[in-house]
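What follows is the content of target16.tsv (TSV, C-alpha atoms).
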chain	number	residue	atom	x	y	z
F	23	MET	CA	0.00	0.00	0.00
F	24	LYS	CA	2.88	2.39	0.75
F	25	LYS	CA	4.09	1.97	-2.83
F	26	LYS	CA	0.65	2.87	-4.22
F	27	ILE	CA	0.42	5.98	-2.05
F	28	SER	CA	3.95	6.99	-3.05
F	29	ILE	CA	2.95	6.71	-6.71
F	30	LEU	CA	-0.18	8.79	-5.98
F	31	VAL	CA	1.93	11.52	-4.32
F	32	LEU	CA	4.36	11.51	-7.26
F	33	CYS	CA	1.44	11.82	-9.69
F	34	HIS	CA	0.09	14.72	-7.63
F	35	ALA	CA	3.51	16.40	-7.72
F	36	LEU	CA	3.60	16.19	-11.51
F	37	PHE	CA	-0.08	17.09	-11.87
F	38	THR	CA	0.43	20.14	-9.64
F	39	LEU	CA	3.31	21.18	-11.88
F	40	VAL	CA	0.88	21.23	-14.83
F	41	GLN	CA	-1.69	23.15	-12.76
F	42	VAL	CA	0.80	25.81	-11.73
F	43	PHE	CA	2.10	26.10	-15.29
F	44	LEU	CA	-1.44	26.79	-16.49
F	45	ILE	CA	-2.10	29.22	-13.63
F	46	SER	CA	1.09	31.09	-14.51
F	47	LYS	CA	-0.35	31.73	-17.99
F	48	ILE	CA	-2.50	34.48	-16.53
F	49	SER	CA	-3.48	37.24	-18.95
F	50	PHE	CA	-1.63	40.56	-19.03
F	51	ILE	CA	-4.68	42.37	-17.63
F	52	GLY	CA	-4.85	39.78	-14.85
F	53	LYS	CA	-1.21	40.40	-13.93
F	54	ILE	CA	-1.85	44.13	-13.76
F	55	GLY	CA	-5.00	43.60	-11.70
F	56	ILE	CA	-3.13	41.44	-9.18
F	57	ALA	CA	-0.27	43.93	-8.98
F	58	LEU	CA	-2.50	46.97	-8.47
F	59	MET	CA	-5.83	45.94	-6.94
F	60	TYR	CA	-5.97	42.32	-5.79
F	61	LYS	CA	-2.76	42.14	-3.76
F	62	GLU	CA	-4.02	39.18	-1.71
F	63	TYR	CA	-3.56	37.03	-4.83
F	64	LYS	CA	0.03	38.13	-5.35
F	65	PHE	CA	1.30	34.65	-4.52
F	66	LEU	CA	-0.29	33.43	-7.78
F	67	ARG	CA	2.38	35.33	-9.69
F	68	SER	CA	5.14	33.33	-7.98
F	69	PHE	CA	5.57	29.84	-9.44
F	70	PRO	CA	7.15	28.23	-6.32
F	71	LYS	CA	4.66	29.75	-3.87
F	72	THR	CA	1.69	28.64	-5.95
F	73	TYR	CA	3.19	25.18	-6.41
F	74	PHE	CA	3.84	24.60	-2.71
F	75	LEU	CA	0.42	25.91	-1.72
F	76	LEU	CA	-1.49	23.68	-4.16
F	77	PHE	CA	0.75	20.66	-3.55
F	78	GLY	CA	0.49	21.17	0.21
F	79	VAL	CA	-3.30	21.10	0.04
F	80	GLN	CA	-3.18	17.93	-2.06
F	81	LEU	CA	-0.79	16.32	0.45
F	82	LEU	CA	-3.10	17.31	3.29
F	83	VAL	CA	-6.01	15.55	1.56
F	84	VAL	CA	-3.87	12.46	0.88
F	85	GLY	CA	-2.72	12.48	4.52
F	86	ILE	CA	-6.28	12.66	5.85
F	87	LEU	CA	-7.42	9.87	3.55
F	88	THR	CA	-4.38	7.74	4.43
F	89	TYR	CA	-5.14	8.17	8.13
F	90	THR	CA	-8.79	7.23	7.71
F	91	HIS	CA	-7.83	4.25	5.53
F	92	ARG	CA	-5.39	2.87	8.11
F	93	LYS	CA	-6.98	3.79	11.43
F	94	GLN	CA	-10.74	3.99	10.87
F	95	PRO	CA	-13.33	1.35	10.00
F	96	ARG	CA	-14.08	0.98	6.29
F	97	LYS	CA	-17.46	2.70	6.67
F	98	ASN	CA	-15.92	5.82	8.28
F	99	HIS	CA	-13.20	5.86	5.63
F	100	LEU	CA	-15.75	5.81	2.83
F	101	ILE	CA	-17.69	8.61	4.55
F	102	ALA	CA	-14.49	10.69	4.69
F	103	CYS	CA	-13.87	9.99	0.98
F	104	ALA	CA	-17.45	11.01	0.14
F	105	VAL	CA	-17.27	14.22	2.20
F	106	ILE	CA	-13.97	15.32	0.65
F	107	PHE	CA	-15.26	14.39	-2.81
F	108	ALA	CA	-18.42	16.45	-2.22
F	109	LEU	CA	-16.32	19.40	-1.03
F	110	ALA	CA	-14.19	19.11	-4.17
F	111	VAL	CA	-17.31	19.06	-6.37
F	112	LEU	CA	-18.61	22.15	-4.57
F	113	GLY	CA	-15.22	23.82	-4.98
F	114	LEU	CA	-15.20	23.01	-8.68
F	115	TRP	CA	-18.73	24.36	-9.10
F	116	TYR	CA	-17.94	27.53	-7.14
F	117	THR	CA	-14.74	28.10	-9.11
F	118	TYR	CA	-16.55	27.63	-12.42
F	119	ASN	CA	-19.43	29.86	-11.32
F	120	ASP	CA	-17.02	32.55	-10.12
F	121	PHE	CA	-14.96	32.50	-13.31
F	122	VAL	CA	-18.06	32.67	-15.51
F	123	HIS	CA	-20.06	35.32	-13.65
F	124	ASN	CA	-17.34	37.59	-12.24
F	125	TYR	CA	-16.10	39.92	-14.98
F	126	SER	CA	-12.70	40.57	-13.43
F	127	HIS	CA	-12.09	36.81	-13.14
F	128	ARG	CA	-13.24	36.24	-16.71
F	129	LEU	CA	-10.37	38.45	-17.85
F	130	LEU	CA	-7.82	35.98	-16.46
F	131	LYS	CA	-8.31	33.69	-19.49
F	132	GLU	CA	-9.03	29.99	-19.92
F	133	ARG	CA	-5.60	28.56	-19.12
F	134	PHE	CA	-5.67	30.18	-15.70
F	135	HIS	CA	-9.15	28.77	-15.11
F	136	LEU	CA	-8.10	25.31	-16.30
F	137	GLY	CA	-5.31	25.21	-13.71
F	138	PHE	CA	-7.82	25.61	-10.89
F	139	TYR	CA	-10.26	23.14	-12.42
F	140	LEU	CA	-7.45	20.57	-12.52
F	141	PHE	CA	-6.76	21.23	-8.83
F	142	TRP	CA	-10.29	20.18	-7.88
F	143	LEU	CA	-10.19	17.21	-10.27
F	144	GLY	CA	-6.96	16.05	-8.63
F	145	MET	CA	-8.64	16.14	-5.24
F	146	MET	CA	-11.52	14.08	-6.62
F	147	ALA	CA	-9.05	11.59	-8.08
F	148	SER	CA	-7.48	11.12	-4.63
F	149	CYS	CA	-10.90	10.38	-3.14
F	150	ILE	CA	-11.68	7.83	-5.84
F	151	PHE	CA	-8.22	6.25	-5.42
F	152	PHE	CA	-8.71	5.77	-1.68
F	153	ALA	CA	-12.33	4.65	-2.05
F	154	ILE	CA	-11.38	1.76	-4.35
F	155	LEU	CA	-8.18	0.91	-2.44
F	156	PRO	CA	-8.75	-2.43	-0.69
F	157	GLY	CA	-8.99	-2.37	3.09
F	158	GLN	CA	-6.20	-3.36	5.43
F	159	LYS	CA	-5.90	-7.11	5.95
F	160	ALA	CA	-6.57	-8.26	9.48
F	161	VAL	CA	-3.79	-10.17	11.21
F	162	ALA	CA	-4.84	-13.80	11.54
F	163	LEU	CA	-4.41	-15.44	14.93
F	164	VAL	CA	-2.48	-18.69	14.75
F	165	GLU	CA	-4.01	-21.55	16.69
F	166	ALA	CA	-1.78	-24.05	18.45
F	167	PRO	CA	-2.23	-27.75	17.62
F	168	TYR	CA	-4.19	-29.80	20.18
F	169	ASN	CA	-1.24	-31.86	21.34
F	170	GLU	CA	1.00	-28.92	22.18
F	171	THR	CA	0.59	-26.69	25.15
F	172	VAL	CA	1.06	-23.00	24.69
F	173	PRO	CA	2.97	-21.35	27.52
F	174	SER	CA	1.19	-18.43	29.08
F	175	PRO	CA	2.83	-15.04	28.77
F	176	PRO	CA	4.84	-13.84	31.76
F	177	SER	CA	2.76	-11.98	34.27
F	178	ALA	CA	3.34	-8.26	34.63
F	179	THR	CA	1.99	-8.25	38.17
F	180	PHE	CA	4.10	-8.79	41.25
F	181	PRO	CA	3.65	-12.01	43.21
F	182	ARG	CA	1.25	-11.71	46.11
F	183	SER	CA	2.36	-12.26	49.62
F	184	ASP	CA	0.32	-14.33	52.01
F	185	LYS	CA	-0.12	-11.39	54.33
F	186	PRO	CA	-2.81	-8.84	53.53
F	187	ASP	CA	-1.86	-5.19	53.22
F	188	ILE	CA	-2.42	-3.29	56.45
F	189	LYS	CA	-2.94	0.42	56.25

Any chance you could give the structure as structure tokens?
Amino acid sequence: MKKKISILVLCHALFTLVQVFLISKISFIGKIGIALMYKEYKFLRSFPKTYFLLFGVQLLVVGILTYTHRKQPRKNHLIACAVIFALAVLGLWYTYNDFVHNYSHRLLKERFHLGFYLFWLGMMASCIFFAILPGQKAVALVEAPYNETVPSPPSATFPRSDKPDIK
């Protein structure tokens, strides 16, 4: 399972590289708008900052899903996958709606939009990956044959004395 998750993280690293490349293809008017008016989005102009932010979010999602896969019952894990998938669908819908209906965001051009759409699709892919990943195998208890006696484990308690404790 560790190998599969490592491959997923490597795919996310490469996929995030494509996302950030597309986001960096912001239109000239978009660059001016970020420089002059929308300073809170200034990190989008920096390739490394954008990469580490998007990749960090993807790693957070993979970490949460890995934890639920290993430590939670299968039902709870599938609920976590469904909740994160639903949040990603809502994020994709909100991003699309914002880019279509907000004039200043429409000016950023399609490549910029596509980078963010791919971000949400990557999150959905992680959820699907973990939902179809088989559950952890339970450790089987080995039974001793009938003719052999199994020694009991050493006791962690101290031997009792014959005298009762007097307080």

Write out as a PyMOL selection string each polymer residue whose atoms come within 8 Å of stretch 100-102 of chain F, counting all atoms listed in the file; drop sequence neighbours fewer than 4 positions from it.
-> chain F and resi 87+90+96+106+153

Counting only C-alpha atoms, which residues in stretch 98-146 of chain F sit no more than 12 Å from stretch 50-70 of chain F? For each one, give the nearest pair of atoms and the distance in Å, sorted by chain then residue number, as CSV.
residue,atom,partner,partner_atom,distance
F:Tyr125,CA,F:Gly52,CA,11.3
F:Ser126,CA,F:Gly52,CA,8.0
F:His127,CA,F:Gly52,CA,8.0
F:Arg128,CA,F:Gly52,CA,9.3
F:Leu129,CA,F:Gly52,CA,6.4
F:Leu130,CA,F:Gly52,CA,5.1
F:Lys131,CA,F:Gly52,CA,8.4
F:Glu132,CA,F:Gly52,CA,11.8
F:Phe134,CA,F:Gly52,CA,9.7
F:His135,CA,F:Gly52,CA,11.8
F:Gly137,CA,F:Leu66,CA,11.3
F:Phe138,CA,F:Leu66,CA,11.3

Kindly give the distance, in Å, that separates atom CA of F:Phe107 and atom CA of F:Met23, rounded to a single decimal.
->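 For atom CA of F:Phe107 relative to atom CA of F:Met23, the distance reads 21.2 Å.
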
Spatial sel., origin (-0.3, 17.4, -3.8), limit 9 Å, all atoms listed in the file, listed as an MDAnalysis selection string | chainID F and resid 30:38 73:84 144:145

In Å to one decimal, how far is atom CA of F:Ala108 from atom CA of F:Met146?
->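 Value for the atom CA of F:Met146-atom CA of F:Ala108 distance: 8.5 Å.
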
Measuring atom to atom with only C-alpha atoms, identify which of F:Gly85, F:Lys97, F:Lys47, F:Ser28 is nearest to F:Gly157.
->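 Checking each of F:Gly85, F:Lys97, F:Lys47, F:Ser28 against F:Gly157, counting only C-alpha atoms, the winner is F:Lys97.
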
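Residue nearest F:His99, chosen from F:Trp115, F:Trp142, F:Phe152, F:Phe121 and counting all atoms listed in the file: F:Phe152.
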
Would you compute an axis-aligned box for stretch 154-157 of chain F, covering every atom listed for it in the file with 5 Å of margin on each side, and report centre and edge lengths in Å to one decimal as JSON?
{"center_x": -9.8, "center_y": -0.3, "center_z": -0.6, "size_x": 13.2, "size_y": 14.2, "size_z": 17.4}

Counting all atoms listed in the file, figure out which residue out of F:Thr72, F:Ser148, F:Asn124, F:Gln41 gets nearest to F:Leu136.
-> F:Gln41
